[in-house]
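Undergrad: I am sharing my_file-v7.cif, which consists of mmCIF, C-alpha atoms:
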data_work
loop_
_atom_site.label_atom_id
_atom_site.label_comp_id
_atom_site.auth_asym_id
_atom_site.auth_seq_id
_atom_site.Cartn_x
_atom_site.Cartn_y
_atom_site.Cartn_z
CA MET A 1 -69.41 24.02 1.09
CA LEU A 2 -72.49 25.08 2.96
CA VAL A 3 -75.06 25.25 0.15
CA GLY A 4 -73.61 24.44 -3.26
CA GLU A 5 -75.92 25.53 -6.05
CA CYS A 6 -76.34 26.48 -9.70
CA PRO A 7 -73.59 24.52 -11.46
CA LEU A 8 -73.07 26.13 -14.87
CA TRP A 9 -70.90 24.69 -17.63
CA HIS A 10 -69.20 27.30 -19.82
CA ALA A 11 -68.51 25.36 -23.01
CA ALA A 12 -66.20 27.95 -24.59
CA GLU A 13 -64.03 28.01 -21.48
CA GLN A 14 -64.46 24.31 -20.63
CA THR A 15 -65.04 25.51 -17.09
CA LEU A 16 -67.57 24.66 -14.42
CA TYR A 17 -68.95 27.51 -12.33
CA TRP A 18 -71.11 27.17 -9.24
CA VAL A 19 -72.02 29.07 -6.07
CA ASP A 20 -71.89 28.43 -2.36
CA ILE A 21 -74.91 30.43 -1.20
CA GLY A 22 -74.13 30.27 2.51
CA GLY A 23 -70.45 30.85 1.83
CA PHE A 24 -71.13 34.02 -0.24
CA THR A 25 -68.81 32.64 -2.94
CA VAL A 26 -68.75 31.99 -6.69
CA HIS A 27 -66.43 29.13 -7.69
CA ALA A 28 -64.82 28.07 -10.96
CA LEU A 29 -63.09 24.80 -11.83
CA HIS A 30 -61.24 23.97 -15.03
CA PRO A 31 -61.39 20.15 -14.88
CA ALA A 32 -58.66 19.53 -17.44
CA SER A 33 -56.04 21.44 -15.45
CA GLY A 34 -57.55 21.26 -11.99
CA ALA A 35 -57.31 25.04 -11.66
CA HIS A 36 -59.77 26.42 -9.13
CA ARG A 37 -60.73 30.07 -8.59
CA GLN A 38 -63.26 31.78 -6.35
CA TRP A 39 -64.78 35.20 -5.82
CA ARG A 40 -66.36 36.53 -2.63
CA MET A 41 -69.72 38.29 -2.96
CA ALA A 42 -71.14 40.96 -0.61
CA THR A 43 -74.47 39.10 -0.32
CA GLU A 44 -75.53 35.54 -1.06
CA PRO A 45 -75.10 34.49 -4.70
CA ALA A 46 -77.71 32.05 -5.94
CA ALA A 47 -77.97 31.83 -9.73
CA LEU A 48 -75.41 32.25 -12.51
CA ALA A 49 -75.61 32.99 -16.21
CA ILE A 50 -72.99 33.30 -18.93
CA HIS A 51 -72.73 36.93 -20.05
CA ALA A 52 -72.54 37.33 -23.83
CA GLY A 53 -69.97 40.08 -23.38
CA GLY A 54 -67.73 37.94 -21.17
CA GLY A 55 -67.79 36.93 -17.54
CA LEU A 56 -70.91 36.03 -15.62
CA VAL A 57 -74.18 37.49 -14.42
CA VAL A 58 -74.64 36.68 -10.73
CA ALA A 59 -78.07 36.92 -9.10
CA THR A 60 -77.35 37.84 -5.47
CA ARG A 61 -79.64 38.80 -2.61
CA ALA A 62 -78.89 42.47 -3.37
CA GLY A 63 -79.55 42.17 -7.10
CA PHE A 64 -77.91 41.31 -10.41
CA VAL A 65 -74.20 41.98 -10.83
CA HIS A 66 -71.67 41.39 -13.59
CA LEU A 67 -68.59 39.43 -12.55
CA ASP A 68 -65.50 39.92 -14.72
CA THR A 69 -63.93 36.52 -14.26
CA GLY A 70 -60.62 37.81 -15.56
CA SER A 71 -60.09 40.71 -13.18
CA GLY A 72 -62.63 39.80 -10.50
CA ALA A 73 -64.29 43.20 -10.86
CA LEU A 74 -67.97 43.48 -9.99
CA SER A 75 -70.41 45.97 -11.50
CA ASP A 76 -74.09 46.43 -10.75
CA ILE A 77 -76.70 45.55 -13.38
CA ALA A 78 -79.99 45.91 -11.48
CA ALA A 79 -80.99 46.14 -7.83
CA ALA A 80 -83.13 43.48 -6.17
CA PRO A 81 -86.85 44.15 -6.84
CA TYR A 82 -88.00 42.79 -3.47
CA ASP A 83 -87.52 43.21 0.28
CA THR A 84 -84.06 41.75 0.91
CA ALA A 85 -84.87 41.24 4.60
CA THR A 86 -87.27 38.40 3.77
CA THR A 87 -86.41 37.37 0.24
CA ARG A 88 -83.48 36.44 -1.97
CA PHE A 89 -82.96 35.19 -5.49
CA ASN A 90 -82.73 31.43 -5.88
CA ASP A 91 -82.75 29.25 -9.00
CA GLY A 92 -82.37 30.70 -12.51
CA ARG A 93 -81.73 29.98 -16.19
CA VAL A 94 -81.37 31.87 -19.48
CA ASP A 95 -83.90 31.28 -22.28
CA ALA A 96 -83.16 31.07 -26.01
CA ALA A 97 -83.70 34.81 -26.45
CA GLY A 98 -81.06 35.67 -23.86
CA ARG A 99 -83.36 36.58 -20.95
CA PHE A 100 -82.23 35.55 -17.48
CA TRP A 101 -85.13 34.08 -15.49
CA VAL A 102 -84.63 33.94 -11.72
CA GLY A 103 -87.16 33.04 -9.06
CA THR A 104 -87.00 33.87 -5.37
CA ILE A 105 -87.27 32.12 -2.04
CA TYR A 106 -89.46 33.66 0.66
CA GLU A 107 -87.42 32.88 3.76
CA PRO A 108 -90.07 33.19 6.53
CA ARG A 109 -91.91 30.36 4.73
CA ASP A 110 -95.20 31.30 6.37
CA GLN A 111 -96.92 32.24 3.13
CA GLN A 112 -96.61 31.62 -0.60
CA ALA A 113 -94.89 34.90 -1.36
CA ALA A 114 -92.07 33.90 -3.72
CA GLN A 115 -91.91 35.52 -7.16
CA MET A 116 -90.50 35.01 -10.64
CA PHE A 117 -88.47 37.76 -12.28
CA CYS A 118 -86.76 38.15 -15.62
CA LEU A 119 -83.69 40.22 -16.45
CA GLU A 120 -83.90 41.41 -20.05
CA LYS A 121 -81.34 43.86 -21.43
CA GLY A 122 -80.63 45.26 -17.99
CA VAL A 123 -84.27 45.67 -16.96
CA VAL A 124 -85.98 43.47 -14.36
CA SER A 125 -89.65 42.61 -14.81
CA LEU A 126 -92.02 40.62 -12.61
CA LYS A 127 -93.40 37.58 -14.43
CA TRP A 128 -95.61 36.10 -11.71
CA SER A 129 -96.07 36.41 -7.97
CA GLY A 130 -97.20 34.15 -5.16
CA GLY A 131 -98.39 30.57 -5.30
CA MET A 132 -94.96 29.31 -4.22
CA MET A 133 -92.40 29.63 -1.43
CA ASN A 134 -89.21 28.37 -3.05
CA SER A 135 -88.76 28.86 -6.79
CA ASN A 136 -86.59 26.15 -8.32
CA GLY A 137 -86.08 23.69 -11.16
CA LEU A 138 -86.15 26.05 -14.14
CA GLY A 139 -85.60 24.44 -17.52
CA PHE A 140 -86.59 24.93 -21.15
CA THR A 141 -87.31 22.24 -23.75
CA PRO A 142 -84.96 22.02 -26.75
CA ASP A 143 -87.63 23.50 -29.05
CA GLY A 144 -88.16 26.38 -26.61
CA GLN A 145 -91.91 25.79 -26.47
CA ALA A 146 -92.16 24.72 -22.84
CA MET A 147 -90.76 25.83 -19.50
CA TYR A 148 -90.39 23.65 -16.42
CA HIS A 149 -90.50 25.10 -12.92
CA ALA A 150 -90.56 23.59 -9.43
CA ASP A 151 -91.76 24.82 -6.08
CA THR A 152 -89.58 22.85 -3.70
CA ALA A 153 -91.76 23.61 -0.68
CA ALA A 154 -94.85 22.29 -2.48
CA HIS A 155 -93.01 19.17 -3.72
CA ARG A 156 -94.33 19.99 -7.20
CA ILE A 157 -92.94 20.46 -10.71
CA ASP A 158 -95.01 22.41 -13.23
CA ARG A 159 -94.79 22.86 -16.98
CA TYR A 160 -95.84 25.97 -18.90
CA ARG A 161 -96.37 26.71 -22.55
CA PHE A 162 -93.60 29.14 -23.42
CA ASP A 163 -93.29 31.70 -26.20
CA VAL A 164 -89.65 32.62 -26.86
CA ALA A 165 -90.49 35.71 -28.89
CA SER A 166 -92.63 37.36 -26.21
CA GLY A 167 -91.15 35.70 -23.12
CA GLU A 168 -94.59 34.63 -21.91
CA ALA A 169 -95.15 31.50 -19.84
CA LYS A 170 -98.77 30.41 -19.53
CA ALA A 171 -101.18 27.46 -19.23
CA ARG A 172 -99.52 25.93 -16.18
CA GLU A 173 -100.03 22.23 -15.65
CA THR A 174 -98.68 19.91 -12.96
CA PHE A 175 -95.88 17.76 -14.35
CA GLN A 176 -94.91 15.85 -11.19
CA LEU A 177 -96.21 15.86 -7.63
CA PHE A 178 -94.23 14.12 -4.88
CA SER A 179 -95.16 12.98 -1.39
CA ALA A 180 -94.71 15.73 1.19
CA ASP A 181 -94.88 13.36 4.16
CA LYS A 182 -91.29 12.84 5.30
CA LYS A 183 -92.38 9.85 7.39
CA ALA A 184 -94.08 8.10 4.47
CA ASP A 185 -92.53 5.01 2.97
CA ASP A 186 -92.51 6.60 -0.46
CA TYR A 187 -90.86 9.87 0.60
CA GLY A 188 -87.92 10.36 -1.73
CA GLY A 189 -87.02 13.99 -1.28
CA ARG A 190 -88.37 17.17 -2.84
CA PRO A 191 -87.57 18.70 -6.24
CA ASP A 192 -84.71 21.18 -6.30
CA GLY A 193 -82.61 22.32 -9.28
CA ALA A 194 -82.90 20.72 -12.70
CA ALA A 195 -81.72 20.57 -16.31
CA VAL A 196 -83.17 19.43 -19.63
CA ASP A 197 -81.03 17.16 -21.81
CA SER A 198 -80.65 16.98 -25.60
CA GLU A 199 -83.50 14.46 -25.86
CA GLY A 200 -85.87 16.78 -24.01
CA ALA A 201 -85.88 14.78 -20.77
CA TYR A 202 -86.06 16.66 -17.48
CA TRP A 203 -83.46 15.80 -14.83
CA CYS A 204 -84.27 16.82 -11.26
CA ALA A 205 -82.15 16.82 -8.10
CA MET A 206 -84.22 15.48 -5.20
CA PHE A 207 -83.21 17.36 -2.04
CA GLU A 208 -83.18 14.98 0.97
CA GLY A 209 -83.72 12.10 -1.46
CA ALA A 210 -80.06 11.29 -2.26
CA ARG A 211 -80.99 10.83 -5.90
CA LEU A 212 -81.57 12.30 -9.34
CA LEU A 213 -84.64 11.56 -11.44
CA ARG A 214 -84.92 11.71 -15.22
CA PHE A 215 -88.41 12.20 -16.67
CA ALA A 216 -89.61 12.00 -20.26
CA ALA A 217 -91.69 14.90 -21.56
CA SER A 218 -94.71 12.60 -21.08
CA GLY A 219 -93.97 12.45 -17.35
CA GLU A 220 -92.72 8.86 -17.44
CA LEU A 221 -89.85 8.16 -15.07
CA LEU A 222 -86.93 7.02 -17.21
CA ARG A 223 -84.12 6.72 -14.71
CA GLU A 224 -83.18 7.07 -11.06
CA VAL A 225 -79.58 7.77 -10.07
CA LYS A 226 -78.65 7.16 -6.42
CA LEU A 227 -76.09 9.57 -4.99
CA PRO A 228 -73.66 9.59 -2.03
CA VAL A 229 -75.09 12.94 -0.86
CA LYS A 230 -78.39 13.32 0.96
CA CYS A 231 -79.21 16.77 -0.39
CA PRO A 232 -78.33 17.25 -4.07
CA THR A 233 -79.33 20.75 -5.15
CA MET A 234 -78.85 21.15 -8.91
CA ILE A 235 -77.22 19.58 -11.95
CA ALA A 236 -75.38 20.69 -15.09
CA PHE A 237 -74.17 18.86 -18.17
CA GLY A 238 -70.53 19.49 -19.05
CA GLY A 239 -67.35 18.16 -20.59
CA ASP A 240 -66.34 18.03 -24.26
CA ASP A 241 -69.36 15.91 -25.16
CA LEU A 242 -71.77 17.33 -22.55
CA ARG A 243 -72.09 13.85 -21.06
CA THR A 244 -70.50 14.62 -17.71
CA LEU A 245 -73.16 15.42 -15.15
CA TYR A 246 -72.10 17.77 -12.35
CA VAL A 247 -74.15 17.77 -9.16
CA THR A 248 -73.95 20.34 -6.36
CA SER A 249 -75.08 19.55 -2.83
CA ALA A 250 -75.72 21.09 0.59
CA SER A 251 -74.35 20.40 4.05
CA HIS A 252 -75.58 23.40 6.05
CA GLY A 253 -77.96 22.59 8.88
CA ARG A 254 -78.01 18.87 8.26
CA PRO A 255 -78.18 16.48 11.27
CA GLU A 256 -74.94 15.09 12.65
CA ALA A 257 -76.03 11.51 12.01
CA GLU A 258 -76.72 12.34 8.38
CA ARG A 259 -73.28 13.87 7.97
CA ALA A 260 -71.75 10.63 9.18
CA SER A 261 -73.77 8.60 6.68
CA TYR A 262 -73.21 11.06 3.83
CA PRO A 263 -69.67 12.43 4.22
CA PHE A 264 -69.77 13.95 0.72
CA ASN A 265 -72.59 16.36 1.64
CA GLY A 266 -71.56 19.80 0.44
CA CYS A 267 -69.32 18.46 -2.35
CA VAL A 268 -69.63 18.79 -6.12
CA LEU A 269 -70.01 15.38 -7.75
CA SER A 270 -69.47 14.30 -11.34
CA LEU A 271 -70.69 11.23 -13.20
CA ARG A 272 -70.87 10.08 -16.78
CA VAL A 273 -74.25 9.65 -18.48
CA ASP A 274 -75.32 8.23 -21.84
CA VAL A 275 -77.35 11.21 -23.06
CA ALA A 276 -75.75 14.58 -23.74
CA GLY A 277 -76.99 17.82 -22.29
CA ARG A 278 -77.18 21.15 -24.14
CA GLU A 279 -75.02 24.25 -24.09
CA GLU A 280 -76.42 27.00 -21.90
CA HIS A 281 -77.68 30.16 -23.57
CA ALA A 282 -75.88 33.41 -22.73
CA TYR A 283 -77.55 36.47 -21.27
CA GLN A 284 -77.80 39.18 -23.91
CA PRO A 285 -77.25 42.66 -22.41
#
Have the structure of the file written as structure tokens, please.
TA:
Amino acid sequence: MLVGECPLWHAAEQTLYWVDIGGFTVHALHPASGAHRQWRMATEPAALAIHAGGGLVVATRAGFVHLDTGSGALSDIAAAPYDTATTRFNDGRVDAAGRFWVGTIYEPRDQQAAQMFCLEKGVVSLKWSGGMMNSNGLGFTPDGQAMYHADTAAHRIDRYRFDVASGEAKARETFQLFSADKKADDYGGRPDGAAVDSEGAYWCAMFEGARLLRFAASGELLREVKLPVKCPTMIAFGGDDLRTLYVTSASHGRPEAERASYPFNGCVLSLRVDVAGREEHAYQP
């Protein structure tokens, strides 16, 4: 894969979904049988959500579409609310009320022009704009009272107070800030996709860091997991007990020497962990 992203465990189907952004493809794997399916998209897919009516919601560069995973049929939900020449959707997650939150990446990367949008019952609304280049790392605490969000380009993870009833995120505070100096001894990658487990801990994939980090709600680092891929992109909890951690990764544009050292770049990894994740909420149309 070029840029594997957004692993999504569908508990009812016992199936893992994910996207290859650069490959314009949505993938599905049923681990118990080994059955693999894939669907080609017209523009880059980035984020996935379970659709309460069946199938998936796919956030593509061109907008939100519904993918019928039985027939493969695609139907439009909402057009992209931005200039598709410079911007595309990136990381996303559904909240407890069934809203699909998806941030963008501003591809010129010469200004902080990324935005956060929310798809609610077929209508897209702008939640905030600017202050970031690459929206990532969305996650909600088990009680629904806080939202995590990362700006990969700023090497920063923030936490917001979140109101499920209104869908408002406010009172931003810095949760983690990482070194941005790639030549520094303590450079360990930058925060990409994430997930929150059943104990409320925040797991983050560290792009270029070849590792995952698990943080307590207090900000304390609880665990580091080294990986055989240089650029992990996002994680998802799956399996019968939600204790199998799936990790997507990227290979596109990586140096030749790195590819030799990390031959699994671009693969989807799985590992067992002691703490269970949580089932993903479905988008409510």
Undergrad: Return as AutoDock Vina command-line options the centre and edge lengths, in Å with one decimal, of the box along x, y and z that encloses every atom of segment 81-95 of chain A in the file, padded by 4 Å per side.
TA:
--center_x -84.7 --center_y 36.7 --center_z -8.8 --size_x 14.6 --size_y 22.9 --size_z 34.9
Undergrad: Starting from the displayed file, determine the output of the PyMOL selection byres ((chain A and resi 62-71) around 9) and express the residue list as an MDAnalysis selection string.
TA: chainID A and resid 39 42:45 51 54:61 72:81 84 88:89 119 122
Undergrad: Can you spell out as a list of chain:residue names the set of residues that the PyMOL selection byres ((chain A and resi 37) around 9) selects in the structure I just provided?
TA: A:Val26, A:His27, A:Ala28, A:Leu29, A:His30, A:Ala35, A:His36, A:Gln38, A:Trp39
Undergrad: Hey, which bits of segment 98-210 of chain A sit within 12 Å of segment 253-272 of chain A, and for each residue what's the closest pair of atoms and how far apart in Å (one decimal), counting all atoms listed in the file, rows by chain and increasing number, as a tab-separated table?
TA:
residue	atom	partner	partner_atom	distance
A:Phe207	CA	A:Asn265	CA	11.3
A:Glu208	CA	A:Arg254	CA	9.7
A:Gly209	CA	A:Tyr262	CA	11.8
A:Ala210	CA	A:Tyr262	CA	9.2
Undergrad: Kindly indicate which residue among A:Asp274, A:Asp151, A:Asp110, A:Asp163 lies nearest to Ala194 of chain A, using all atoms listed in the file for the distances.
TA: A:Asp151
